[in-house]
Structure formats: C-alpha cells, structure tokens
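Enquirer: Structure provided below as structure tokens; questions to follow.
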Amino acid sequence: MNPKYRRVLEFDKILTKLGELAVSETGKALCSELEPSNDFEEVKTLQAQTDEALSVVTYTGSNPMSDFKDIRQYLKLAQVGSVLTMKALLEIAGVLCACRSVRRALVTDREDTPLLTEMASGIVTNRMLEEDITAAIISEDEMSDHASPELNDIRRNMRKVNDRVRDKLNSFIHSPSLQKYLMDSIITVRNGRYVIPVKAEYRQYVPGLVHDQSGTGSTLFIEPLSVVEAGNELKELQLKERKEMERILAEFSARVAPDAEMILNSMDIMSRLDLIFAKAFLAREMKAVPPKLNDKGVIRLLRARHPLIDPDKVVPSDLWLGQEFTTLVITGPNTGGKTVTLKTVGLLTLMAQSGLQIPAAYGSELSVFDEVFADIGDEQSIEQSLSTFSSHMTNIVAILRDVTPSSLVLFDELGAGTDPTEGAALAMSILEMLLTMKVDTLATTHYSELKAYALSTKGVENASVEFDVETLRPTYRLSIGIPGKSNAFEISRKLGLREDIIQSASKRLSQDQIRFEDVIANAEYHRQIAEKERKLAEEAHIETQRIRNEAEKERVKLESQREDMLKKAKEEAKRILVKAQSESERIITELKKTKNNAAVKEHELHRLRADLQGGIDELSPHITPVSASEEQKLKSLSAGDKVLLLTLGTNVIVLTAPDARGELTVQAGAMKLKVNKNDLAAAKPEPKPDAKSRYAPKKPPASSVSVSTRRAETECDLRGMTVEEALMHMEMFIDGARLNGIKNLSIIHGKGTGALRSAVHNDLKRISDVDSFRLGKYGEGEDGVTIVTLK
C-alpha cells in the first residue's frame with residue numbers, strides 16, 4: 001500500500017505506539033516496518049495470531065517474550081571463521097536462553113493457540129552451548145577460572161607468583177634500613193610490573209630496573225632485582241593466560257558456526273513473535289477487539305473510536321457502508337468531527353489489515369481492501385482544512401487513476417477551494433464515477449448540492465455530525481441517513497452578528513434552499529428527540545436489570561440463610577437424640593447391675609436401645625424441626641395420658657401434669673424424660689405387631705414403647721463409623737444375636753490402618769457373652785473380618 005496514504009491517516013503513529021510494546025531490538029524494527037496486507041487469507045491469519053497472543057497474555061498474566069540482542073553480525077563473523085569476543089558470545093548465549101524460554105512457554109498442549117505453537121516449534125535451542133558459555137564467561141571482560149583446566153592451572157600459578165612477589169616487596173618496604181630511600185611505603189604497578197617508589201637521589205642504593213618516574217622526576221619506580229625473576233615468570237604466565245583465553249574463545253566460536261543458520265532462523269521467529277505479542281498488548285491498552293473480516297467491501301463499525309484521541313474524550317461512532325449504499329456523504333459544521341470520522345475508518349482499516357485489533361465494540365466488521373486512498377492533505381488537521389483546490393485535485397487525479405472496485409476512498413471537503421457551483425458539479429461527477437465502479441467511498445462536504453444528490457441517488461447516503469447551537473460546540477456524534485445543517489446563521493447570531501444582517505442574508509436564499517434546510521432541521525429535531533427517548537428507555541432497562549439482579553442476590557442470600565438455619569436445626573436435633581441415647585445407655589447400664597430387681601425385661605432394653613440408634617441414623621441426614629399441627633395440638637394433659645413425643649417421634653406416657661413453665665415428666669419405655677408440653681402432640685396409632693416375630697408381645701404393657709421388629713442377622717458392618725459409634729453398634733448387634741440364639745457372628749471392620757480392628761478386639765475381650773473370636777480366613781474376608789463365637 002502507498003506510504004503516502006498511510007502517513008496521511010497517521011498509521012505511523014500507531015506503529016510508534018506498537019514499537020514501544022516490543023521487548024527486543026529486532027521486534028521494534030519489525031513494528032516500525034509493519035505494512036498492511038491486502039491478501040484476505042493472510043489478514044485472517046494475522047488477526048488469528050494476535051487473538052492467540054492475547055489469549056496467552058490473558059491466561060498467563062505476563063509476556064512470554066524475553067529480551068534478546070541483535071546478534072546477526074556476530075553469527076556472520078562466526079560463519080567466516082572469526083574469533084568472537086566475550087561480549088558477542090554472552091549475547092549469543094542470551095539469545096539461546098530467550099529461545100528456550102519462549103519455546104517452553106508456547107509449545108504446550110493448549111488447543112486455542114495452534115498458530116503460535118506451530119511458530120514456536122520452529123525455534124531451535126542449544127542448551128549445552130548456552131550453559132557452557134555462561135559458565136565460562138562471567139562478563140564482557142572477565143573469564144571464569146574454570147573455563148578450562150589449563151586456564152585454572154595458569155591462574156593458580158599466577159596467584160602463587162603474585163603472592164611471592166608481594167611478600168618480598170612487603171619485606172623490602174618495611175625494612176627500617178631501606179625506608180629512608182623510599183618516597184612512600186607502598187607497592188604499585190608500572191607496565192605490568194610490581195615496583196616501589198624510590199627517591200631519585202637514592203637510586204644507587206636500591207638496585208633494580210627503573211620502569212617509570214614521576215612528572216617532576218623526584219620519584220623513580222624501581223623493580224628490585226630480587227623480584228625481577230619472579231616478575232618475569234609472572235609476565236610469562238600472563239602471556240599464557242591470554243593465549244589460553246583466545247583458544248577458549250576460538251573454540252566457542254567454532255561451536256557457534258555450525259548452528260549459526262539455525263540460530264538466525266530462531267531469532268527471526270522470535271522477532272515475529274515479539275511483534276505479535278506487541279500487537280496483543282496494544283489491543284489490551286486500547287481495549288480493542290478482533291474485527292469480523294470480509295472481502296466484499298462491507299464496513300460495519302460499532303462504537304468505533306479514533307485510537308490516537310484521548311480515550312476519555314473521544315466520542316464513539318457507529319458507521320456502516322457497502323451493502324445498501326457504497327457512498328456516504330458526511331456534512332456538518334467545521335470542527336464537528338467529519339475529518340475524524342474519515343481518519344477513523346481509514347486508520348482502523350489499515351490496522352485490521354496489519355493484524356491489529358481495532359478500538360470498537362464486538363461485532364464490528366471490516367473489509368480487506370487492495371488500497372486505502374485518502375485525500376485529506378499533508379497539512380490537514382483534525383480541526384481545520386488548510387489544503388487548496390489544486391493540491392486536492394492533484395491527489396484526486398492520482399486516486400481516480402489507480403482506484404479499483406476493491407479499494408476504499410476517503411475524500412475530505414470534496415470540490416472545496418474553488419467556485420461552489422463548479423466545485424459541487426465536479427464532486428458529484430467524481431462520486432458518480434466511483435458509484436458506478438461500486439467503490440466504497442466516504443466524502444465530507446459543505447455543499448447543499450451534494451446533500452440533495454445523496455437524497456436522490458440510489459447507492460448514496462447522507463450522514464451528518466451533530467452541532468449544539470446553544471453551546472457552539474460540536475458533539476462529534478455521527479448520524480447516518482440525515483444530512484447535516486450548516487447552522488451558519490445560528491452560529492453567527494450566537495457570536496453577536498446583527499440581526500438585520502442575518503435577516504438580509506436569509507432573504508438572499510432561494511425558497512427551495514430554505515425549504516431544504518427546514519426539512520433537514522425538522523428531521524434533525526425529531527432524530528434528537530428519538531435519540532433522547534431511546535436513551536431514557538435504555539436507562540430504564542438498565543435500572544430494571546439492576547433491580548432484578550439485586551432481587552436475585554437477595555433471594556440467593558435468603559436461600560443461603562434458610563439452608564444455614566436448617567443445618568443448625570438438624571445439628572441441634574441430632575445433638576438432642578445423641579444426648580437421649582447416652583442417657584438411656586447410662587440407665588440401661590445401671591439396670592443391668594440390678595437386673596434381678598428390674599421390672600424391665602432384657603430384650604425390651606435391647607429393643608429400646610436399637611430403636612434410639614436407628615432414630616439417630618435415620619434422622620441425621622434429613623432431620624427437620626418438628627412442630628405439632630393444629631389437629632395434633634393437645635388442649636389438656638394429665639397423668640396417664642398417652643401422647644407423641646415429637647423430638648423422638650414415639651409415643652410416651654405422661655407421669656406428671658405440666659408445671660408453671662409448661663414442663664412435665666413422661667416415660668418412654670424404661671426411661672423417664674423431662675420435656676416441654678410444646679414438644680407433645682396427640683399419640684400416633686400403634687403399629688400392629690407381626691405375629692411371626694419372636695419380639696412381638698401379645699399384650700404390650702401400658703408403660704412400654706412400641707418399636708419395630710428387627711430381622712436376625714449374622715453380619716455387622718462397621719466400616720465408615722467412628723470407633724465410638726462402631727463399638728456401640730457392635731454391642732447392640734451382639735445383644736440381638738444372643739437373644740435370637742445365634743452363636744457365630746461376622747464383624748466387618750475393614751483392613752485400613754488397623755485402629756478399628758484393634759478397638760473391636762479389645763471390646764470383645766470385655767463382653768462376657770463372647771466365647772472366642774478370630775480373624776477371618778481366606779474366603780471369609782481375611783484381616784478385614786473378625787469371626788465371633790458366643791457362649
């Protein structure tokens with residue numbers, strides 16, 4: 001696409017913002033060189049890449065790209081056999097590290113990033129070379145002692161010689177007899193040799209080699225003869241060190257050379273990925289969305305915003321083109337936003353065709369054009385046109401020469417800068433030509449003739465930008481279907497022009513012109529009313545939605561509170577039942593001790609305990625607070641009455657009348673309980689006893705509690721219970737088995753950690769009815785079952 005039109009539409013400013021978001025030098029370079037594509041499939045791929053990158057950024061919360069240097073020149077030097085510097089090798093290692101990091105981040109099992117995964121799969125890494133370089137080279141001017149065994153040995157010898165030289169010189173400068181010859185008691189270095197500062201007049205008293213002197217000549221820097229040999233040895237070691245370092249660098253350079261092409265290719269992929277992720281971050285910054293794409297010339301922008309205007313000030317616009325009409329004539333006052341609309345459409349088209357997402361609402365659609373032509377002028381600003389007729393016409397001639405049916409054409413102030421009649425005629429002819437070619441065209445104008453042309457020509461539509469006459473300010477809102485009114489008289493009146501001049505000017509207009517302007521004004525008036533009503537309806541809808549959401553939140557809150565209350569009631573009911581069972585067990589234990597004097601039979605005690613346990617098991621999951629219905633409520637209570645105890649769900653006998661607080665004593669089987677009269681209701685009918693059951697009494701005593709019969713079983717499954725629950729359940733089971741005359745029982749406790757098994761065995765040892773017990777054999781459940789034999 002022509003760079004001139006990209007510059008006019010300020011596409012280069014978008015590229016500048018894009019480059020600031022890239023992390024690498026080569027990525028920034030690609031951003032500055034980015035060009036829109038006119039290939040439909042390529043644009044779809046570019047948009048898909050940006051969308052995938054945005055998904056990665058949203059999912060990970062960070063940029064997977066790492067900064068890396070431009071090492072292309074170093075790789076070329078390595079390919080021709082040059083020895084690379086430590087800086088070059090470190091930068092190559094940095095690129096290899098970045099390649100490894102990016103490949104690890106993008107080559108994953110994610111199914112929503114196939115394009116990026118495929119690109120990143122082409123990145124080649126060489127971790128061994130990367131780690132060898134970083135281990136051997138500490139910085140741009142320092143190599144590690146461990147870069148090679150030889151270098152380590154050389155430097156160890158250097159340190160030894162160094163220490164030997166310094167020890168000799170230290171003894172020299174601290175010698176009392178020699179200190180008077182020294183300018184200062186220090187050791188320094190000159191020309192790579194250790195020396196001491198000696199006063200010039202005492203030169204003959206300090207034999208050695210003079211390596212330097214002070215500026216005044218009063219101090220000579222002498223290497224004493226006693227350390228010259230050691231100094232020579234140190235110099236030789238330094239030469240060996242330099243030679244070994246050069247050998248190591250040459251070796252690394254030779255290892256880089258074979259992989260240079262692959263590293264270059266990986267670097268190219270990394271640069272393109274950097275560009276793609278810069279697009280993703282720009283989309284996040286602009287709150288942009290991926291546009292729908294077509295190649296049929298259809299444009300539909302929803303709440304589109306110019307990306308270079310302050311987001312807090314820009315006014316979103318809706319615009320459509322390319323279906324019912326292909327030419328849109330935009331009218332309205334100066335500074336009203338006509339040029340901004342042109343630039344927004346052109347710039348968003350260029351962005352979309354470059355793989356950039358656009359600042360608009362979801363559902364926006366753009367076509368892929370072969371060229372975007374723009375006659376806005378080099379000096380055109382958003383507020384004012386400074387172009388002349390000749391410069392406009394030069395641009396228009398070039399556009400009409402190169403335009404195709406697949407192009408987008410933007411004209412600002414078409415036909416301006418010359419005689420209005422001739423200019424309007426030229427403008428209509430130009431629009432007619434483009435309309436015949438079915439070229440998507442947007443044109444701004446002040447000419448009433450073009451408004452009338454749009455009204456009377458099929459395929460051409462009017463649009464206008466609003467202007468508030470009261471405040472003399474544009475609203476920047478675009479309205480399609482209604483031509484704009486110039487408002488010249490109203491603006492002049494507000495600015496203070498004399499009324500007689502305005503009236504005189506009005507008389508000079510033809511009746512057709514006046515009627516046309518009045519029709520436009522009337523249409524605009526009704527459109528604004530409709531717009532206000534639409535906004536009021538939208539606000540009412542939003543308020544209704546808010547109220548409904550609040551009501552739903554309140555309903556959910558109440559439901560949650562209800563659940564909490566039910567849960568607490570269930571827990572309280574279970575607590576009461578467990579307390580009652582504990583109390584009954586205590587009574588049963590006491591009655592057993594005085595069994596000979598007890599009025600209650602053993603099997604009745606067992607049945608009562610089993611009934612209580614069954615009540616707990618049954619009510620625990622779904623118990624709800626119980627209250628008496630109107631029919632069940634008791635009008636009076638007296639001793640001997642049979643009533644229903646709601647908390648236990650069983651019939652009881654009243655023993656005492658209610659006291660002042662409504663509390664009374666009732667008997668449930670062998671238990672006496674103190675309850676409130678509100679927990680009592682009319683007695684439920686007694687179930688008919690099963691004639692075949694050995695537990696069914698022929699004439700149950702008045703003081704007994706009716707309980708359901710239990711089928712004799714030989715297995716007791718304790719799995720899933722706590723130790724306390726399991727032991728209680730097992731004892732009840734053994735009592736029932738003994739009463740049924742069953743001798744051999746199976747206690748299923750499972751294997752697990754063995755804690756429950758140990759507790760069962762310890763309890764069996766205490767039960768007097770147990771004759772013996774053992775673990776199950778093969779086929780009986782093995783260690784998960786205990787076989788019990790009763791006496």
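Every chain in the structure tokens takes a letter, A first, then B, and so on in the order presented; its residues are numbered from 1, and the ligands are numbered from 1 following the presented order.
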Find the residues near Lys199 (chain A): any atom within 9 Å, counting only C-alpha atoms, skip ones fewer than 6 places away on the same chain, and give them as a list of chain:residue names.

Expert: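 Within the cut-off, the hits are A:Lys180, A:Tyr181, A:Leu182, A:Met183, A:Asp184, A:Ser218, A:Thr219, A:Leu220, A:Phe221.
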
Enquirer: If DSSP is run on the backbone, what residues of region 214-282 of chain A are strand (DSSP E or B)? A reply as a ChimeraX atom specification would be ideal.

Expert: /A:219-224

Enquirer: Just the residues within 8 Å of region 59-76 of chain A, please, counting only C-alpha atoms, with nothing from its chain fewer than 6 positions along; format it as a PyMOL selection string.

Expert: chain A and resi 23-26+84+88+91-92+94-95+98+101-102+105-106+256-257+260+264+273-274+277

Enquirer: How close does each residue of region 103-204 of chain A get to region 222-240 of chain A, giving the shortest atom pair and distance in Å to one decimal for every residue with an atom at most 9 Å away, counting only C-alpha atoms, sorted by chain and residue number, as JSON lines?

Expert:
{"residue": "A:Leu151", "atom": "CA", "partner": "A:Lys240", "partner_atom": "CA", "distance": 8.5}
{"residue": "A:Ile154", "atom": "CA", "partner": "A:Leu237", "partner_atom": "CA", "distance": 6.4}
{"residue": "A:Arg155", "atom": "CA", "partner": "A:Leu237", "partner_atom": "CA", "distance": 7.8}
{"residue": "A:Asn157", "atom": "CA", "partner": "A:Leu237", "partner_atom": "CA", "distance": 7.7}
{"residue": "A:Met158", "atom": "CA", "partner": "A:Leu234", "partner_atom": "CA", "distance": 6.1}
{"residue": "A:Arg159", "atom": "CA", "partner": "A:Leu234", "partner_atom": "CA", "distance": 9.0}
{"residue": "A:Val161", "atom": "CA", "partner": "A:Leu234", "partner_atom": "CA", "distance": 6.3}
{"residue": "A:Asn162", "atom": "CA", "partner": "A:Leu234", "partner_atom": "CA", "distance": 7.0}
{"residue": "A:Arg164", "atom": "CA", "partner": "A:Ala230", "partner_atom": "CA", "distance": 7.8}
{"residue": "A:Val165", "atom": "CA", "partner": "A:Val227", "partner_atom": "CA", "distance": 6.0}
{"residue": "A:Arg166", "atom": "CA", "partner": "A:Val227", "partner_atom": "CA", "distance": 8.9}
{"residue": "A:Lys168", "atom": "CA", "partner": "A:Val227", "partner_atom": "CA", "distance": 7.1}
{"residue": "A:Leu169", "atom": "CA", "partner": "A:Val227", "partner_atom": "CA", "distance": 7.7}
{"residue": "A:Phe172", "atom": "CA", "partner": "A:Pro224", "partner_atom": "CA", "distance": 8.9}
{"residue": "A:Gly192", "atom": "CA", "partner": "A:Lys235", "partner_atom": "CA", "distance": 7.8}
{"residue": "A:Arg193", "atom": "CA", "partner": "A:Gly231", "partner_atom": "CA", "distance": 6.4}
{"residue": "A:Tyr194", "atom": "CA", "partner": "A:Glu223", "partner_atom": "CA", "distance": 6.3}
{"residue": "A:Val195", "atom": "CA", "partner": "A:Glu223", "partner_atom": "CA", "distance": 4.4}
{"residue": "A:Ile196", "atom": "CA", "partner": "A:Ile222", "partner_atom": "CA", "distance": 5.6}
{"residue": "A:Pro197", "atom": "CA", "partner": "A:Ile222", "partner_atom": "CA", "distance": 6.6}
{"residue": "A:Val198", "atom": "CA", "partner": "A:Ile222", "partner_atom": "CA", "distance": 6.8}
{"residue": "A:Arg203", "atom": "CA", "partner": "A:Ile222", "partner_atom": "CA", "distance": 8.7}

Enquirer: I need the residues in region 210-247 of chain A that are alpha helix (DSSP H) according to DSSP; give them as a PyMOL selection string.

Expert: chain A and resi 225-247

Enquirer: From the options A:Asp763, A:Glu35, A:Glu20, A:Glu499, which residue's atoms come nearest to Ala726 (chain A), counting only C-alpha atoms?

Expert: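 The answer is A:Asp763, which sits nearest to Ala726 (chain A).
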
Enquirer: Of the residues A:Ala78, A:Leu673, A:Leu644, A:Val340, which is the one nearest to Ala254 (chain A), using only C-alpha atoms?

Expert: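 That would be A:Ala78, the residue with the smallest distance to Ala254 (chain A).
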
Enquirer: With only C-alpha atoms as the counted atoms, please give the residues lying no more than 9 Å from Val788 (chain A), apart from itself and same-chain residues fewer than 5 positions off, as an mmCIF file with C-alpha atoms, in the first residue's frame.

Expert:
data_model
loop_
_atom_site.group_PDB
_atom_site.id
_atom_site.type_symbol
_atom_site.label_atom_id
_atom_site.label_comp_id
_atom_site.auth_asym_id
_atom_site.auth_seq_id
_atom_site.Cartn_x
_atom_site.Cartn_y
_atom_site.Cartn_z
ATOM 1 C CA LYS A 743 -23.776 -68.329 68.050
ATOM 2 C CA ASN A 744 -21.455 -67.469 65.119
ATOM 3 C CA LEU A 745 -21.149 -63.815 64.019
ATOM 4 C CA SER A 746 -19.067 -61.852 61.474
ATOM 5 C CA ILE A 747 -17.872 -58.364 62.470
ATOM 6 C CA LEU A 764 -14.781 -58.234 72.515
ATOM 7 C CA VAL A 770 -18.281 -63.741 73.835
ATOM 8 C CA ASP A 771 -16.711 -67.209 73.992
ATOM 9 C CA SER A 772 -13.942 -66.635 71.415
ATOM 10 C CA PHE A 773 -13.032 -64.607 68.316
ATOM 11 C CA ARG A 774 -10.513 -64.784 65.477
ATOM 12 C CA LEU A 775 -9.607 -63.056 62.192
#

Enquirer: What is the distance between CA of Ala304 (chain A) and CA of Glu324 (chain A), in Å to one decimal?

Expert: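 Interatomic distance here is 20.3 Å.
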
Enquirer: Counting only C-alpha atoms, figure out which residue out of A:Pro149, A:Gly355, A:Pro207, A:Pro307 gets nearest to Ala53 (chain A).

Expert: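 Among the listed residues, A:Gly355 lies closest to Ala53 (chain A).
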
Enquirer: Taking only C-alpha atoms into account, name the residue in A:Glu42, A:Asp259, A:Asp500, A:Glu201 that is nearest to Leu96 (chain A).

Expert: A:Asp259

Enquirer: Go ahead and compute the interatomic distance for CA of Pro36 (chain A) and CA of Leu347 (chain A), in Å to one decimal.

Expert: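 CA of Pro36 (chain A) sits 10.6 Å away from CA of Leu347 (chain A).
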
Enquirer: What's the 12 Å shell around Leu54 (chain A), counting only C-alpha atoms, without same-chain residues fewer than 2 positions away, as a PyMOL selection string?

Expert: chain A and resi 47-52+56-64+112-113+116+276-285+287-290+356-357

Enquirer: Give me, please, the distance in Å between CA of Leu348 (chain A) and CA of Lys44 (chain A), quoted to one decimal.

Expert: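 Interatomic distance here is 15.1 Å.
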
Enquirer: Of the residues A:Ile734, A:Met1, A:Leu727, A:Ile309, which is the one nearest to Glu715 (chain A), using only C-alpha atoms?

Expert: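 Counting only C-alpha atoms, the residue closest to Glu715 (chain A) is A:Ile734.
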